[in-house]
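**Q** What follows is input_18.cif; its format and atoms are mmCIF, C-alpha atoms.
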data_data
loop_
_atom_site.label_atom_id
_atom_site.label_comp_id
_atom_site.auth_asym_id
_atom_site.auth_seq_id
_atom_site.Cartn_x
_atom_site.Cartn_y
_atom_site.Cartn_z
CA MET A 22 -7.26 -51.17 -48.79
CA THR A 23 -6.23 -48.04 -46.90
CA ILE A 24 -4.15 -47.98 -43.72
CA ARG A 25 -5.81 -46.01 -40.93
CA ALA A 26 -4.41 -44.99 -37.53
CA VAL A 27 -7.08 -46.23 -35.12
CA VAL A 28 -7.35 -45.42 -31.40
CA VAL A 29 -7.07 -48.68 -29.46
CA GLY A 30 -6.33 -47.36 -25.97
CA LEU A 31 -6.35 -44.17 -23.94
CA GLY A 32 -5.81 -42.89 -20.43
CA HIS A 33 -5.16 -39.74 -18.44
CA TYR A 34 -3.53 -38.59 -15.24
CA LEU A 35 -4.06 -35.54 -13.04
CA PRO A 36 -1.87 -34.51 -10.10
CA ASP A 37 -3.37 -34.98 -6.65
CA ARG A 38 -3.43 -31.31 -5.73
CA VAL A 39 -6.69 -29.63 -6.71
CA VAL A 40 -6.63 -25.82 -6.72
CA PRO A 41 -10.07 -24.15 -6.60
CA ASN A 42 -10.55 -20.59 -7.78
CA SER A 43 -10.97 -19.46 -4.17
CA GLU A 44 -7.31 -20.27 -3.48
CA PHE A 45 -6.24 -17.28 -5.58
CA GLU A 46 -8.37 -14.80 -3.64
CA ALA A 47 -5.85 -14.46 -0.82
CA SER A 48 -3.00 -13.28 -3.07
CA LEU A 49 -4.68 -11.68 -6.09
CA ASP A 50 -7.37 -9.13 -6.83
CA THR A 51 -9.70 -11.80 -8.18
CA SER A 52 -12.62 -14.00 -7.17
CA ASP A 53 -14.24 -17.29 -8.00
CA GLU A 54 -17.04 -15.43 -9.80
CA TRP A 55 -14.59 -13.33 -11.84
CA ILE A 56 -12.65 -16.40 -13.02
CA ARG A 57 -15.76 -18.47 -13.79
CA SER A 58 -17.49 -15.70 -15.71
CA ARG A 59 -14.50 -15.04 -17.96
CA SER A 60 -13.19 -18.55 -18.50
CA GLY A 61 -15.61 -21.18 -17.20
CA ILE A 62 -12.81 -22.56 -15.01
CA GLU A 63 -13.68 -23.68 -11.47
CA ARG A 64 -10.59 -25.63 -10.46
CA ARG A 65 -7.36 -27.05 -11.84
CA HIS A 66 -4.63 -29.50 -10.77
CA PHE A 67 -1.04 -28.55 -9.93
CA ALA A 68 1.89 -30.96 -9.95
CA ALA A 69 3.56 -31.63 -6.60
CA GLU A 70 7.06 -30.43 -5.84
CA GLY A 71 9.44 -32.69 -7.75
CA GLU A 72 6.66 -34.06 -9.97
CA THR A 73 7.66 -33.52 -13.59
CA THR A 74 5.98 -33.51 -16.96
CA SER A 75 7.46 -36.92 -17.80
CA ASP A 76 6.07 -38.26 -14.50
CA LEU A 77 2.56 -37.18 -15.47
CA ALA A 78 3.03 -38.51 -19.00
CA THR A 79 4.23 -41.88 -17.72
CA GLN A 80 1.14 -42.33 -15.54
CA ALA A 81 -1.17 -41.50 -18.44
CA ALA A 82 0.82 -43.84 -20.70
CA LYS A 83 0.50 -46.73 -18.23
CA ARG A 84 -3.26 -46.25 -18.12
CA ALA A 85 -3.48 -46.18 -21.92
CA LEU A 86 -1.47 -49.41 -22.16
CA ALA A 87 -3.75 -51.06 -19.60
CA ASP A 88 -6.81 -49.86 -21.50
CA ALA A 89 -5.45 -51.36 -24.72
CA GLY A 90 -4.25 -54.57 -23.05
CA LEU A 91 -0.73 -53.95 -24.32
CA GLU A 92 2.81 -53.95 -22.96
CA ALA A 93 5.27 -51.11 -23.50
CA ASN A 94 7.34 -53.15 -25.96
CA ASP A 95 4.26 -53.64 -28.11
CA LEU A 96 4.74 -50.00 -29.09
CA ASP A 97 6.94 -48.90 -31.98
CA ALA A 98 7.15 -45.26 -30.93
CA ILE A 99 6.16 -42.56 -28.47
CA VAL A 100 5.36 -39.03 -29.64
CA LEU A 101 4.98 -36.61 -26.74
CA ALA A 102 3.56 -33.11 -27.14
CA THR A 103 4.75 -30.65 -24.50
CA SER A 104 6.10 -27.14 -24.00
CA THR A 105 7.24 -27.89 -20.45
CA ALA A 106 9.67 -30.79 -20.80
CA ASP A 107 11.69 -31.77 -17.71
CA LEU A 108 15.03 -30.79 -19.25
CA THR A 109 16.31 -28.98 -22.31
CA PHE A 110 17.32 -32.44 -23.49
CA PRO A 111 16.88 -35.35 -23.67
CA SER A 112 13.25 -35.35 -24.73
CA ALA A 113 10.52 -36.08 -22.20
CA ALA A 114 9.40 -38.82 -24.58
CA THR A 115 12.62 -40.79 -24.06
CA MET A 116 12.16 -40.42 -20.31
CA VAL A 117 8.70 -41.94 -20.60
CA GLN A 118 10.13 -44.68 -22.82
CA SER A 119 12.63 -45.55 -20.08
CA ALA A 120 10.07 -45.33 -17.26
CA LEU A 121 7.78 -47.74 -19.11
CA GLY A 122 10.61 -50.23 -19.64
CA MET A 123 10.31 -49.88 -23.41
CA ASN A 124 13.66 -50.90 -24.89
CA ARG A 125 12.83 -50.80 -28.59
CA GLY A 126 11.48 -48.34 -31.13
CA PHE A 127 11.92 -44.58 -30.89
CA ALA A 128 10.58 -41.58 -28.99
CA PHE A 129 10.56 -37.82 -29.54
CA ASP A 130 8.86 -34.60 -28.43
CA VAL A 131 6.71 -32.20 -30.43
CA GLN A 132 6.37 -28.55 -29.39
CA ALA A 133 3.39 -26.60 -30.69
CA VAL A 134 2.10 -25.36 -27.32
CA CYS A 135 -1.70 -25.81 -27.01
CA ALA A 136 -1.89 -27.25 -30.53
CA GLY A 137 0.83 -29.76 -29.66
CA PHE A 138 -1.42 -32.80 -29.41
CA ILE A 139 -2.90 -32.10 -32.86
CA TYR A 140 0.62 -31.84 -34.31
CA ALA A 141 1.70 -35.01 -32.48
CA MET A 142 -1.30 -36.90 -33.86
CA ALA A 143 -0.39 -35.68 -37.34
CA ASN A 144 3.16 -36.95 -36.93
CA ALA A 145 2.02 -40.32 -35.59
CA ASN A 146 -0.57 -40.70 -38.33
CA ALA A 147 2.05 -40.02 -41.01
CA LEU A 148 4.41 -42.60 -39.49
CA ILE A 149 1.67 -45.21 -39.42
CA VAL A 150 0.28 -44.51 -42.90
CA SER A 151 3.80 -44.57 -44.38
CA GLY A 152 4.50 -47.95 -42.78
CA GLN A 153 7.31 -46.65 -40.52
CA ALA A 154 5.45 -47.77 -37.41
CA ARG A 155 2.45 -49.95 -36.61
CA ARG A 156 1.58 -48.84 -33.09
CA ILE A 157 2.34 -45.42 -31.56
CA MET A 158 1.61 -43.87 -28.19
CA VAL A 159 0.69 -40.18 -28.54
CA ILE A 160 0.86 -38.18 -25.31
CA GLY A 161 0.06 -34.61 -24.35
CA ALA A 162 1.57 -33.61 -21.00
CA GLU A 163 2.25 -30.28 -19.32
CA THR A 164 3.27 -28.66 -16.05
CA PHE A 165 2.28 -25.09 -16.90
CA SER A 166 2.21 -24.20 -13.20
CA ARG A 167 6.02 -23.99 -13.52
CA ILE A 168 5.86 -21.03 -15.93
CA MET A 169 3.17 -18.90 -14.29
CA ASP A 170 3.67 -15.35 -13.05
CA TRP A 171 1.70 -15.55 -9.81
CA ASN A 172 1.24 -11.77 -9.78
CA ASP A 173 -0.53 -11.76 -13.17
CA ARG A 174 -4.18 -12.51 -12.48
CA SER A 175 -5.00 -12.51 -16.20
CA THR A 176 -2.95 -15.68 -16.80
CA CYS A 177 -2.06 -17.59 -13.64
CA VAL A 178 -5.68 -18.51 -12.84
CA LEU A 179 -6.22 -20.10 -16.26
CA PHE A 180 -3.69 -22.92 -16.47
CA GLY A 181 -3.28 -26.35 -14.92
CA ASP A 182 -1.18 -29.50 -15.12
CA GLY A 183 -2.04 -32.94 -16.44
CA ALA A 184 -1.47 -35.58 -19.09
CA GLY A 185 -3.46 -37.67 -21.54
CA ALA A 186 -2.40 -40.47 -23.87
CA VAL A 187 -3.84 -42.39 -26.79
CA ILE A 188 -2.49 -45.42 -28.61
CA LEU A 189 -2.84 -45.45 -32.38
CA GLU A 190 -2.63 -48.72 -34.30
CA ALA A 191 -2.44 -49.43 -38.02
CA GLN A 192 -5.61 -51.11 -39.25
CA ASP A 193 -7.03 -51.75 -42.69
CA GLY A 194 -9.84 -49.52 -43.88
CA ALA A 195 -11.95 -49.15 -47.00
CA GLY A 196 -10.56 -45.70 -47.73
CA ASP A 197 -13.79 -43.80 -47.12
CA LYS A 198 -15.38 -41.89 -44.24
CA THR A 199 -16.92 -45.04 -42.76
CA ASP A 200 -13.44 -46.19 -41.66
CA ARG A 201 -12.44 -46.12 -38.02
CA GLY A 202 -9.36 -44.05 -37.22
CA ILE A 203 -7.95 -40.73 -38.36
CA LEU A 204 -9.83 -39.52 -41.45
CA SER A 205 -8.23 -36.12 -42.00
CA ILE A 206 -5.88 -33.52 -40.53
CA ASP A 207 -5.40 -29.79 -41.05
CA LEU A 208 -2.34 -27.94 -39.69
CA ASN A 209 -1.49 -24.23 -39.71
CA SER A 210 0.86 -21.69 -38.17
CA ASP A 211 1.59 -17.98 -38.44
CA GLY A 212 4.68 -16.69 -36.68
CA GLN A 213 3.62 -13.05 -37.11
CA HIS A 214 1.42 -13.34 -34.03
CA ARG A 215 3.96 -14.68 -31.57
CA GLU A 216 3.71 -11.62 -29.32
CA ILE A 217 0.13 -12.35 -28.26
CA LEU A 218 1.00 -15.64 -26.52
CA TYR A 219 4.55 -16.57 -25.55
CA VAL A 220 6.99 -17.25 -22.69
CA ASP A 221 9.48 -14.45 -22.14
CA GLY A 222 12.47 -16.72 -21.55
CA GLY A 223 14.32 -19.71 -22.94
CA VAL A 224 17.60 -21.54 -23.26
CA SER A 225 19.34 -19.06 -25.54
CA THR A 226 18.44 -16.19 -23.21
CA GLN A 227 19.50 -18.22 -20.15
CA THR A 228 16.21 -17.52 -18.39
CA THR A 229 13.14 -19.60 -17.64
CA GLY A 230 10.59 -16.87 -18.21
CA PHE A 231 6.85 -16.62 -17.61
CA LEU A 232 3.83 -17.06 -19.84
CA ARG A 233 2.59 -13.79 -21.34
CA MET A 234 -0.74 -13.43 -23.11
CA GLN A 235 -2.88 -10.77 -24.74
CA GLY A 236 -6.19 -12.39 -23.90
CA LYS A 237 -8.47 -10.33 -26.15
CA GLU A 238 -6.23 -10.87 -29.17
CA VAL A 239 -5.96 -14.61 -28.51
CA PHE A 240 -9.76 -14.82 -28.24
CA ARG A 241 -10.22 -12.92 -31.50
CA HIS A 242 -7.94 -15.28 -33.41
CA ALA A 243 -9.11 -18.44 -31.66
CA VAL A 244 -12.79 -18.62 -32.59
CA GLU A 245 -12.22 -17.74 -36.25
CA LYS A 246 -9.21 -19.99 -36.77
CA LEU A 247 -10.59 -22.97 -34.83
CA ALA A 248 -13.87 -22.97 -36.74
CA LYS A 249 -12.03 -22.65 -40.05
CA THR A 250 -9.52 -25.44 -39.41
CA ALA A 251 -12.27 -27.77 -38.17
CA THR A 252 -14.34 -27.03 -41.27
CA ILE A 253 -11.39 -27.68 -43.58
CA ALA A 254 -10.62 -30.98 -41.84
CA MET A 255 -14.27 -32.02 -42.02
CA ASP A 256 -14.38 -31.17 -45.74
CA LYS A 257 -11.23 -33.23 -46.33
CA ALA A 258 -12.88 -36.20 -44.62
CA GLY A 259 -16.19 -35.70 -46.43
CA ILE A 260 -17.94 -35.23 -43.08
CA ALA A 261 -20.89 -32.83 -42.77
CA SER A 262 -21.69 -31.07 -39.50
CA ASP A 263 -24.77 -33.21 -38.95
CA GLU A 264 -22.53 -36.31 -39.03
CA VAL A 265 -20.34 -35.08 -36.16
CA ASP A 266 -21.10 -36.86 -32.91
CA TRP A 267 -18.60 -34.99 -30.73
CA VAL A 268 -16.35 -31.98 -30.89
CA VAL A 269 -13.47 -32.33 -28.42
CA PRO A 270 -11.84 -28.89 -28.42
CA HIS A 271 -8.77 -27.54 -26.71
CA GLN A 272 -10.04 -26.64 -23.25
CA ALA A 273 -8.87 -23.05 -22.85
CA ASN A 274 -11.96 -20.95 -22.29
CA ILE A 275 -15.66 -21.81 -22.29
CA ARG A 276 -16.49 -18.74 -24.37
CA ILE A 277 -14.04 -19.81 -27.09
CA ILE A 278 -15.52 -23.31 -27.00
CA GLN A 279 -19.08 -21.96 -27.28
CA GLY A 280 -18.16 -19.48 -30.02
CA THR A 281 -16.45 -22.15 -32.11
CA ALA A 282 -19.35 -24.57 -31.76
CA LYS A 283 -21.76 -21.85 -32.88
CA LYS A 284 -19.67 -21.07 -35.97
CA LEU A 285 -19.64 -24.79 -36.80
CA GLY A 286 -23.43 -24.92 -36.43
CA LEU A 287 -23.23 -27.47 -33.62
CA SER A 288 -25.07 -27.59 -30.33
CA MET A 289 -23.08 -27.63 -27.10
CA ASP A 290 -24.80 -30.98 -26.52
CA HIS A 291 -22.24 -32.34 -28.98
CA VAL A 292 -19.20 -30.79 -27.28
CA VAL A 293 -17.09 -32.48 -24.60
CA VAL A 294 -16.27 -29.85 -21.96
CA THR A 295 -13.77 -30.37 -19.14
CA VAL A 296 -12.34 -26.85 -18.78
CA GLN A 297 -14.24 -26.32 -15.52
CA ASP A 298 -12.28 -29.12 -13.83
CA HIS A 299 -8.84 -28.89 -15.46
CA GLY A 300 -8.32 -25.33 -16.64
CA ASN A 301 -6.08 -24.92 -19.67
CA THR A 302 -3.61 -27.82 -19.71
CA SER A 303 -2.18 -26.85 -23.11
CA ALA A 304 -1.09 -29.93 -25.11
CA ALA A 305 -2.69 -32.22 -22.52
CA SER A 306 -6.19 -30.78 -22.79
CA ILE A 307 -7.51 -32.72 -25.80
CA PRO A 308 -6.29 -36.19 -24.76
CA LEU A 309 -7.54 -35.45 -21.22
CA ALA A 310 -10.94 -34.50 -22.60
CA LEU A 311 -11.04 -37.54 -24.89
CA SER A 312 -10.31 -39.84 -21.97
CA VAL A 313 -12.88 -38.16 -19.72
CA GLY A 314 -15.43 -38.19 -22.56
CA VAL A 315 -15.05 -41.95 -22.90
CA GLU A 316 -15.23 -42.40 -19.11
CA ARG A 317 -18.47 -40.42 -19.02
CA GLY A 318 -19.98 -42.62 -21.72
CA GLN A 319 -20.18 -39.75 -24.18
CA ILE A 320 -17.74 -40.96 -26.84
CA LYS A 321 -18.52 -44.44 -28.15
CA ARG A 322 -17.07 -46.73 -30.80
CA GLY A 323 -18.05 -45.58 -34.27
CA ASP A 324 -18.62 -41.94 -33.28
CA VAL A 325 -17.23 -39.18 -35.48
CA VAL A 326 -15.01 -36.94 -33.35
CA VAL A 327 -13.58 -33.55 -34.35
CA THR A 328 -10.70 -32.15 -32.29
CA GLU A 329 -9.24 -28.68 -32.73
CA ALA A 330 -6.73 -26.49 -30.92
CA ILE A 331 -4.81 -23.24 -31.16
CA GLY A 332 -1.73 -22.16 -29.24
CA GLY A 333 1.32 -19.94 -29.22
CA GLY A 334 3.08 -19.50 -32.51
CA LEU A 335 0.36 -19.03 -33.49
CA ALA A 336 -0.13 -22.71 -34.31
CA TRP A 337 -3.50 -24.34 -34.86
CA GLY A 338 -5.12 -27.36 -36.44
CA ALA A 339 -7.77 -30.06 -36.35
CA VAL A 340 -8.11 -33.82 -36.57
CA VAL A 341 -11.22 -35.71 -37.66
CA LEU A 342 -11.43 -39.36 -36.64
CA ARG A 343 -13.95 -42.10 -36.23
CA TRP A 344 -13.70 -43.68 -32.77
#
Output the structure of this file as structure tokens.
**A**
Amino acid sequence: MTIRAVVVGLGHYLPDRVVPNSEFEASLDTSDEWIRSRSGIERRHFAAEGETTSDLATQAAKRALADAGLEANDLDAIVLATSTADLTFPSAATMVQSALGMNRGFAFDVQAVCAGFIYAMANANALIVSGQARRIMVIGAETFSRIMDWNDRSTCVLFGDGAGAVILEAQDGAGDKTDRGILSIDLNSDGQHREILYVDGGVSTQTTGFLRMQGKEVFRHAVEKLAKTATIAMDKAGIASDEVDWVVPHQANIRIIQGTAKKLGLSMDHVVVTVQDHGNTSAASIPLALSVGVERGQIKRGDVVVTEAIGGGLAWGAVVLRW
């Protein structure tokens, strides 16, 4: 028998404040049409004053626990992907652990920007397969509105805040592609491209900084690298493109999503798209989209799901799982 990390619960949370594209027209040389045509984004959510990344993560975690019918102390660990943690330390994951009343196990953060959830899933899968943990909450949560330069129309209109969570549980499988759970993972990074997507501040420089992005360069790398990592992960799992029920991509830009699907030879009818409602929520975007996809009735038990993401670093990767 083979141990698989199987999704047994999921949930998401979005802040109350909804920001339509039109809200930017008063302060920037932009328009709803300009933003939609270049990104596919129509609206996004912004955290309220005093509402932190760990707050969003905790709400998503509570919903995932309810979905799974579990209590916090049924978990062995929490792995939280974020680039916008509340504090330099301790980790946002330990804050969620405390807020949930979980007084056992362990919790830690993973930072791989928009690819963070993929990296967090890889970490959780390794812990489960190795026998270190049986049940792990994996969360992606961000408050990117805190690191926006509101004078830069090329970036500030693209990002939003939110959180999504999944619970992975060790279950026995046959060791082939018919198993439920994570079937394969592919991870990559290349630090030579850090200048095309980064925040120009940090602890060692004693500044907070703002997000900076070379959009054309990011687009050029994204479609090629996302299609390649998804293909590698599918090959590892022995899954052909015609066996894929759903692609759940990082929700950054509709043109990147469409370009990647085309390279994979998949119709957009097989792609879960939420970018129009959430904008780019970085590490939160894939778990948000998974949760919404299940709510919509798109993703069903037994479906083959391919997730892929790319973010600053550059860091990118893919996970193939059977729901």
**Q** Atom CA of Val117 of chain A and atom CA of Ser225 of chain A, how far apart in Å?
**A**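 Here the two named atoms are 25.7 Å from each other.
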**Q** Selection in question (the file shown): the PyMOL selection byres ((chain A and resi 193) around 6). Which residues does it include, as a ChimeraX atom specification?
**A** /A:23-24,192,194
**Q** Have a look at A:Thr164, A:Asn146, A:Ser119, A:Thr199 and name the one nearest to Leu35 of chain A; count only C-alpha atoms.
**A**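 Among the listed residues, A:Thr164 lies closest to Leu35 of chain A.
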**Q** With only C-alpha atoms as the basis for distance, which of A:Val39, A:Leu31, A:Met142, A:Ala254 is at the shortest distance from Gly300 of chain A?
**A**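 Between A:Val39, A:Leu31, A:Met142, A:Ala254, the residue approaching Gly300 of chain A most closely is A:Val39.
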**Q** Can you list, as a ChimeraX atom specification, every protein, DNA or RNA residue that comes within 12 Å of segment 221-224 of chain A when you count all atoms listed in the file, leaving out same-chain residues fewer than 3 positions away?
**A** /A:104-105,108-110,168-170,215-218,227-234
**Q** Evaluate the PyMOL selection byres ((chain A and resi 285-298) around 10) here and jot the selected residues down as number ranges by chain.
**A** A: 39-41, 57, 60-66, 179-181, 247-249, 251-252, 262-263, 265-275, 278-284, 299-302, 306-307, 309-311, 313-315, 317, 319-320, 326-328
**Q** Expressed in Å to a single decimal, how great is the separation between atom CA of Ala120 of chain A and atom CA of Ala186 of chain A?
**A**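 These two atoms are separated by 14.9 Å.
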**Q** Rounded to one decimal in Å, what is the spacing between atom CA of Ala184 of chain A and atom CA of Gly333 of chain A?
**A**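 That distance, rounded to one decimal, is 18.8 Å.
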**Q** Could you put an axis-aligned box around every listed atom of segment 309-321 of chain A, padded by 6 Å on each side, and send me its centre and edge lengths in Å to one decimal, as lines of an AutoDock Vina configuration file?
**A**
center_x = -13.9
center_y = -39.5
center_z = -23.6
size_x = 24.6
size_y = 21.9
size_z = 21.1
**Q** Using the chain letters and numbers from the file, give me the residues hit by the PyMOL selection byres ((chain A and resi 92) around 12), as a ChimeraX atom specification.
**A** /A:30,82-91,93-97,118,121-125,156,158,188
**Q** Please determine, counting all atoms listed in the file, which residue among A:Asp130, A:Asp207, A:Asp256, A:Asp200 has the shortest atom-to-atom distance to Leu342 of chain A.
**A** A:Asp200
